[in-house]
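So this one's protein-v5.cif, mmCIF, C-alpha atoms and all ligand atoms:
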```
data_input
#
loop_
_atom_site.label_atom_id
_atom_site.label_comp_id
_atom_site.auth_asym_id
_atom_site.auth_seq_id
_atom_site.Cartn_x
_atom_site.Cartn_y
_atom_site.Cartn_z
CA MET A 1 -33.09 64.16 -34.88
CA GLN A 2 -30.23 63.37 -37.20
CA GLU A 3 -27.86 64.91 -34.74
CA ASP A 4 -28.89 62.45 -32.04
CA SER A 5 -28.16 59.37 -34.11
CA PRO A 6 -24.45 59.03 -33.35
CA VAL A 7 -25.06 59.58 -29.67
CA GLN A 8 -27.97 57.17 -29.59
CA ASN A 9 -26.02 54.50 -31.42
CA GLU A 10 -23.20 54.81 -29.01
CA ASN A 11 -25.50 54.22 -26.06
CA THR A 12 -27.88 51.77 -27.67
CA PRO A 13 -26.39 48.51 -26.33
CA ASP A 14 -26.28 49.83 -22.81
CA THR A 15 -29.71 51.41 -22.98
CA THR A 16 -31.40 48.22 -24.19
CA ALA A 17 -29.62 46.22 -21.57
CA GLU A 18 -30.69 48.52 -18.79
CA GLN A 19 -34.26 48.96 -19.94
CA PRO A 20 -35.90 46.05 -18.05
CA GLN A 21 -34.11 46.95 -14.86
CA ARG A 22 -34.11 50.73 -14.80
CA PRO A 23 -36.51 52.44 -17.19
CA GLY A 24 -35.38 55.84 -15.96
CA ARG A 25 -31.92 55.29 -17.30
CA ARG A 26 -32.99 56.01 -20.86
CA ASN A 27 -33.98 59.56 -20.03
CA ARG A 28 -30.72 60.22 -18.32
CA LEU A 29 -28.83 58.87 -21.29
CA ILE A 30 -30.74 61.14 -23.57
CA VAL A 31 -29.86 64.00 -21.28
CA LEU A 32 -26.24 63.00 -21.53
CA GLY A 33 -26.45 62.81 -25.29
CA ALA A 34 -28.27 66.09 -25.51
CA ALA A 35 -25.74 67.76 -23.26
CA ALA A 36 -22.97 66.50 -25.52
CA VAL A 37 -24.76 67.82 -28.55
CA VAL A 38 -25.28 71.19 -26.85
CA ALA A 39 -21.65 71.30 -25.91
CA LEU A 40 -20.78 70.76 -29.57
CA GLY A 41 -23.00 73.66 -30.41
CA VAL A 42 -25.38 71.83 -32.70
CA GLY A 43 -28.42 73.55 -31.27
CA GLY A 44 -32.01 73.67 -30.24
CA VAL A 45 -33.40 70.35 -31.46
CA ALA A 46 -31.50 68.41 -28.86
CA VAL A 47 -32.42 70.91 -26.16
CA ALA A 48 -36.11 70.45 -26.93
CA THR A 49 -35.77 66.72 -26.52
CA THR A 50 -34.13 67.06 -23.15
CA GLY A 51 -36.97 68.80 -21.35
CA PRO A 52 -37.02 72.09 -19.51
CA ASP A 53 -36.45 71.24 -15.87
CA ARG A 54 -33.68 68.63 -16.10
CA PRO A 55 -30.27 69.91 -15.04
CA ALA A 56 -27.27 69.11 -17.13
CA PRO A 57 -25.34 66.12 -15.67
CA THR A 58 -22.07 66.95 -14.04
CA ALA A 59 -18.78 65.39 -15.04
CA VAL A 60 -18.79 63.28 -11.87
CA SER A 61 -22.20 61.75 -12.53
CA ALA A 62 -21.27 61.11 -16.13
CA ASP A 63 -18.17 59.31 -15.01
CA ALA A 64 -20.13 57.24 -12.51
CA GLN A 65 -22.67 56.42 -15.20
CA SER A 66 -20.02 55.34 -17.65
CA ARG A 67 -18.50 53.12 -15.03
CA ALA A 68 -21.93 51.61 -14.34
CA GLU A 69 -22.42 51.08 -18.03
CA ALA A 70 -19.03 49.44 -18.30
CA ALA A 71 -19.98 47.15 -15.46
CA SER A 72 -23.25 46.40 -17.18
CA ARG A 73 -21.43 45.63 -20.39
CA ALA A 74 -19.04 43.37 -18.60
CA ASP A 75 -21.87 41.57 -16.86
CA ARG A 76 -23.80 41.18 -20.08
CA PHE A 77 -20.70 40.00 -21.91
CA ALA A 78 -20.12 37.39 -19.30
CA ARG A 79 -23.70 36.18 -19.51
CA GLU A 80 -23.74 36.19 -23.31
CA SER A 81 -20.39 34.45 -23.61
CA SER A 82 -21.14 31.86 -20.98
CA ALA A 83 -24.54 30.93 -22.38
CA PRO A 84 -23.58 29.98 -25.95
CA ALA A 85 -20.13 28.82 -24.95
CA SER A 86 -21.35 26.12 -22.59
CA PRO A 87 -22.55 23.62 -25.24
CA SER A 88 -19.50 23.94 -27.48
CA ALA A 89 -16.89 24.55 -24.82
CA SER A 90 -17.98 21.99 -22.28
CA PRO A 91 -16.82 18.95 -24.29
CA SER A 92 -13.37 20.44 -24.63
CA VAL A 93 -13.28 21.61 -21.03
CA SER A 94 -14.52 18.46 -19.34
CA PRO A 95 -12.08 16.04 -21.02
CA SER A 96 -9.18 18.30 -20.24
CA THR A 97 -10.40 18.55 -16.67
CA ALA A 98 -10.93 14.79 -16.47
CA SER A 99 -7.52 14.01 -17.95
CA ALA A 100 -5.82 16.58 -15.79
CA SER A 101 -7.37 15.58 -12.50
CA PRO A 102 -6.09 11.95 -12.31
CA THR A 103 -2.49 13.05 -12.77
CA PRO A 104 -2.30 15.21 -9.63
CA THR A 105 -4.38 12.64 -7.75
CA LYS A 106 -1.84 9.90 -8.53
CA THR A 107 0.97 12.16 -7.51
CA VAL A 108 -0.72 12.87 -4.20
CA THR A 109 -1.48 9.23 -3.46
CA ALA A 110 2.03 8.15 -4.41
CA LYS A 111 3.61 10.58 -2.01
CA PRO A 112 2.70 8.91 1.33
CA LYS A 113 3.89 5.50 0.08
CA PRO A 114 7.64 5.89 0.66
CA LYS A 115 7.90 5.64 4.43
CA LYS A 116 10.35 4.43 6.99
CA THR A 117 12.30 1.33 6.00
CA THR A 118 14.24 0.90 9.20
CA LYS A 119 13.74 -2.75 10.13
CA PRO A 120 17.02 -4.62 10.12
CA THR A 121 15.78 -7.62 12.12
CA PRO A 122 13.36 -9.90 10.28
CA ALA A 123 10.32 -11.20 12.08
CA TRP A 124 11.70 -14.74 12.15
CA VAL A 125 15.33 -15.82 12.38
CA ASP A 126 17.37 -19.03 12.51
CA PRO A 127 17.55 -20.14 16.19
CA MET A 128 21.08 -21.46 15.74
CA PRO A 129 22.65 -20.30 12.49
CA GLY A 130 25.30 -22.47 10.89
CA ALA A 131 24.21 -25.65 12.60
CA SER A 132 24.02 -28.99 10.82
CA VAL A 133 20.74 -30.88 10.82
CA THR A 134 21.07 -34.27 12.47
CA SER A 135 17.38 -35.17 12.47
CA CYS A 136 14.27 -33.70 10.82
CA TYR A 137 10.64 -33.67 11.93
CA GLY A 138 8.84 -36.96 11.30
CA GLN A 139 8.59 -40.60 12.23
CA ARG A 140 11.74 -41.99 13.73
CA TRP A 141 12.06 -45.46 15.20
CA GLY A 142 8.31 -45.87 15.37
CA THR A 143 7.60 -42.59 17.12
CA LEU A 144 7.15 -39.01 15.98
CA HIS A 145 10.23 -36.89 16.26
CA ALA A 146 8.35 -33.66 16.85
CA GLY A 147 11.17 -31.20 16.09
CA ILE A 148 14.38 -30.57 14.22
CA ASP A 149 17.76 -31.40 15.74
CA LEU A 150 20.43 -28.79 15.07
CA ALA A 151 24.01 -29.60 16.08
CA LEU A 152 26.91 -27.33 16.97
CA PRO A 153 29.47 -27.56 19.80
CA SER A 154 28.00 -27.37 23.30
CA GLY A 155 27.61 -23.87 24.63
CA THR A 156 26.64 -22.34 21.26
CA PRO A 157 24.12 -19.54 21.83
CA ILE A 158 20.48 -20.31 21.03
CA ARG A 159 18.38 -17.43 19.75
CA ALA A 160 14.67 -16.73 19.87
CA ALA A 161 13.19 -17.53 16.47
CA ALA A 162 10.81 -14.56 16.80
CA ALA A 163 9.72 -12.00 19.34
CA GLY A 164 7.50 -13.22 22.15
CA THR A 165 7.12 -13.98 25.83
CA VAL A 166 8.85 -16.78 27.72
CA THR A 167 6.15 -19.06 29.15
CA GLN A 168 8.30 -21.93 30.42
CA ALA A 169 11.99 -22.08 31.34
CA GLY A 170 13.60 -25.00 33.17
CA ASP A 171 13.91 -28.76 33.33
CA ALA A 172 10.50 -30.41 33.70
CA ALA A 173 12.01 -33.93 33.84
CA ASP A 174 10.11 -34.88 30.70
CA GLY A 175 13.14 -35.74 28.55
CA TYR A 176 13.58 -32.26 27.10
CA GLY A 177 16.15 -31.27 29.75
CA ASN A 178 16.57 -27.54 30.16
CA SER A 179 13.98 -26.16 27.75
CA VAL A 180 12.41 -22.84 26.97
CA PHE A 181 8.97 -22.06 25.54
CA ILE A 182 8.31 -18.75 23.80
CA ASP A 183 4.74 -17.71 23.02
CA HIS A 184 4.71 -15.49 19.92
CA GLY A 185 1.20 -14.23 20.52
CA ASN A 186 -0.14 -15.37 17.17
CA GLY A 187 -1.19 -18.89 18.12
CA TYR A 188 2.33 -20.29 17.70
CA LEU A 189 4.98 -21.18 20.28
CA THR A 190 8.58 -22.29 19.82
CA HIS A 191 10.34 -24.79 22.05
CA TYR A 192 14.12 -25.08 22.60
CA ALA A 193 15.30 -28.26 24.36
CA HIS A 194 18.43 -29.90 25.77
CA GLN A 195 20.07 -26.61 26.74
CA SER A 196 23.18 -26.63 28.89
CA ARG A 197 22.20 -23.30 30.42
CA ILE A 198 19.06 -21.15 30.24
CA ALA A 199 19.47 -17.38 29.88
CA VAL A 200 15.84 -16.20 30.28
CA THR A 201 13.09 -16.41 32.90
CA VAL A 202 9.35 -17.02 32.69
CA GLY A 203 7.42 -13.89 31.75
CA GLN A 204 10.39 -12.25 30.05
CA LYS A 205 9.75 -10.62 26.71
CA VAL A 206 12.34 -11.40 24.07
CA LYS A 207 13.11 -10.07 20.63
CA ALA A 208 13.81 -12.07 17.50
CA GLY A 209 17.41 -13.26 17.59
CA GLN A 210 17.84 -12.60 21.31
CA VAL A 211 19.97 -15.22 23.10
CA ILE A 212 17.72 -17.33 25.34
CA GLY A 213 20.23 -20.03 26.35
CA TYR A 214 23.08 -22.28 25.25
CA GLU A 215 23.18 -25.58 23.49
CA GLY A 216 23.77 -28.75 25.55
CA ALA A 217 22.77 -32.36 26.02
CA THR A 218 20.43 -32.25 29.05
CA GLY A 219 17.46 -34.62 29.13
CA ASP A 220 17.22 -37.49 26.70
CA ALA A 221 20.04 -36.58 24.38
CA THR A 222 22.86 -38.70 23.05
CA GLY A 223 24.95 -35.65 22.26
CA PRO A 224 24.86 -31.84 22.29
CA HIS A 225 22.23 -30.45 19.99
CA LEU A 226 19.26 -28.11 19.94
CA HIS A 227 15.90 -29.82 19.63
CA PHE A 228 13.72 -27.10 18.07
CA GLU A 229 9.93 -27.40 17.97
CA VAL A 230 7.08 -25.26 16.69
CA HIS A 231 3.73 -25.66 18.45
CA GLN A 232 0.50 -24.53 16.80
CA GLY A 233 -1.17 -24.33 20.17
CA MET A 234 0.60 -25.82 23.16
CA TRP A 235 1.82 -29.41 22.53
CA ASN A 236 0.51 -29.47 18.99
CA GLN A 237 3.86 -29.82 17.28
CA ILE A 238 4.00 -29.10 13.57
CA ASP A 239 6.89 -29.50 11.15
CA PRO A 240 9.18 -26.51 11.78
CA ALA A 241 10.80 -26.73 8.33
CA PRO A 242 7.93 -25.50 6.10
CA PHE A 243 6.71 -23.19 8.86
CA MET A 244 10.07 -21.43 9.08
CA ARG A 245 10.64 -21.58 5.33
CA THR A 246 7.48 -19.59 4.63
CA ARG A 247 8.88 -17.03 7.09
CA GLY A 248 12.18 -16.75 5.28
CA VAL A 249 14.26 -19.20 7.36
CA ASP A 250 15.59 -22.40 5.79
CA LEU A 251 16.47 -24.96 8.46
CA GLY A 252 17.58 -27.54 5.91
CA CYS A 253 14.82 -30.16 6.16
ZN ZN A 301 15.16 -33.83 18.57
#
```

Once you've parsed the file, please lay out its structure as structure tokens.
Ligand SMILES: [Zn+2]
Amino acid sequence: MQEDSPVQNENTPDTTAEQPQRPGRRNRLIVLGAAAVVALGVGGVAVATTGPDRPAPTAVSADAQSRAEAASRADRFARESSAPASPSASPSVSPSTASASPTPTKTVTAKPKPKKTTKPTPAWVDPMPGASVTSCYGQRWGTLHAGIDLALPSGTPIRAAAAGTVTQAGDAADGYGNSVFIDHGNGYLTHYAHQSRIAVTVGQKVKAGQVIGYEGATGDATGPHLHFEVHQGMWNQIDPAPFMRTRGVDLGC
């Protein structure tokens, strides 16, 4: 049996691996080994081991068997390498995976941020830019002056302080003269009084900065000016100065 030793050693890893699954494989391997020995001309000992009725394997079956053995080796290598590698390799793998994953995640989340920046008109604008303040909101002569007076020559365009819907437009004979109310839909309304001419109608939707009329001295006015009010709810006048200032418009009070 000395002649079988090199052949057996060559097939030993595969044979032991295949034993639990296919016990018959061992015999076929021996046949292969014996056939190789016979081909080398070593002689009768190997032939006796093979058995009388087994045919010599063809080259095709030997090739298929070697491929199966290679696959078995590969499978076993994968199982053997994965089993002991997991305790030692996992600490090095998981930190690298953890450190690598946040980087692409940040890149992905940062991408949608830069979007359209096409908004030239601010939400709130000065209703009559360049005007001089002749009276601020507050007590005046024993009564509340409920708006800010802005003075420029008569006929100066008056602009909507923000987008909204015109809810009143006309002279209600209440001292405001020709006045316009704009409801901004957020609980606030703006009021523009003493106009010489009104340029909008009730129900009309206006944009911020859109001309709604022209400055004048209608109603109780000693001279041409815009009386500008902010209502937090209809007829609940608040100081327009801080309200507009927090919205980026400084009216000077
Ligand atoms: Zn006024």

Inset, instruction - Could you give me, as a PyMOL selection string, the residues within 12 Å of Ile238 (chain A), counting only C-alpha atoms and dropping anything in the same chain fewer than 2 positions from it? - result: chain A and resi 136-138+144-148+188-191+228-236+240-244

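The space between CA of Gly219 (chain A) and CA of Asn186 (chain A) spans 28.7 Å.
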
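Between CA of Asp171 (chain A) and CA of Ala217 (chain A) lies a distance of 12.0 Å.
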
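In terms of minimum interatomic distance to ligand ZN 301 (chain A), A:Ser135 ranks closest within A:Arg140, A:Met128, A:Ser135, A:Tyr214, counting only C-alpha atoms and all ligand atoms.
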
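Of the listed residues (A:Arg159, A:His227, A:Lys207, A:Arg247), A:His227 comes nearest to ligand ZN 301 (chain A); the distances count only C-alpha atoms and all ligand atoms.
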
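For the residues A:Ala123, A:Ala163, A:Leu150, A:Ala131, ranking by smallest atom-to-atom distance to ligand ZN 301 (chain A) using all atoms listed in the file places A:Leu150 first.
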
Could the centre and edge lengths of an axis-aligned box, enclosing all atoms of region 212-230 of chain A in the file with 4 Å extra on each side, be given in Å to one decimal as JSON?
```
{"center_x": 16.0, "center_y": -28.0, "center_z": 22.9, "size_x": 25.9, "size_y": 29.4, "size_z": 20.4}
```

Inset, instruction - Could you give me, as number ranges by chain, the residues within 12 Å of Gly155 (chain A), counting only C-alpha atoms and dropping anything in the same chain fewer than 4 positions from it? - result: A: 128, 151, 194-199, 211-218, 224-226

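Residue nearest ligand ZN 301 (chain A) within the list A:Asp149, A:Asp174, A:Asp220, A:Asp183: A:Asp149 [criterion: smallest interatomic distance, only C-alpha atoms and all ligand atoms].
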
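Of the residues under consideration (A:Gly209, A:Gly164, A:Gly252, A:Pro129), A:Gly164 shows the shortest atom-to-atom contact distance to Ile182 (chain A) when counting all atoms listed in the file.
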
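Between CA of Thr165 (chain A) and CA of Gly248 (chain A) there is a distance of 21.3 Å.
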
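Distances here use all atoms listed in the file; by that measure, the residue among A:Gly203, A:Trp124, A:Tyr192, A:Leu251 closest to ligand ZN 301 (chain A) is A:Tyr192.
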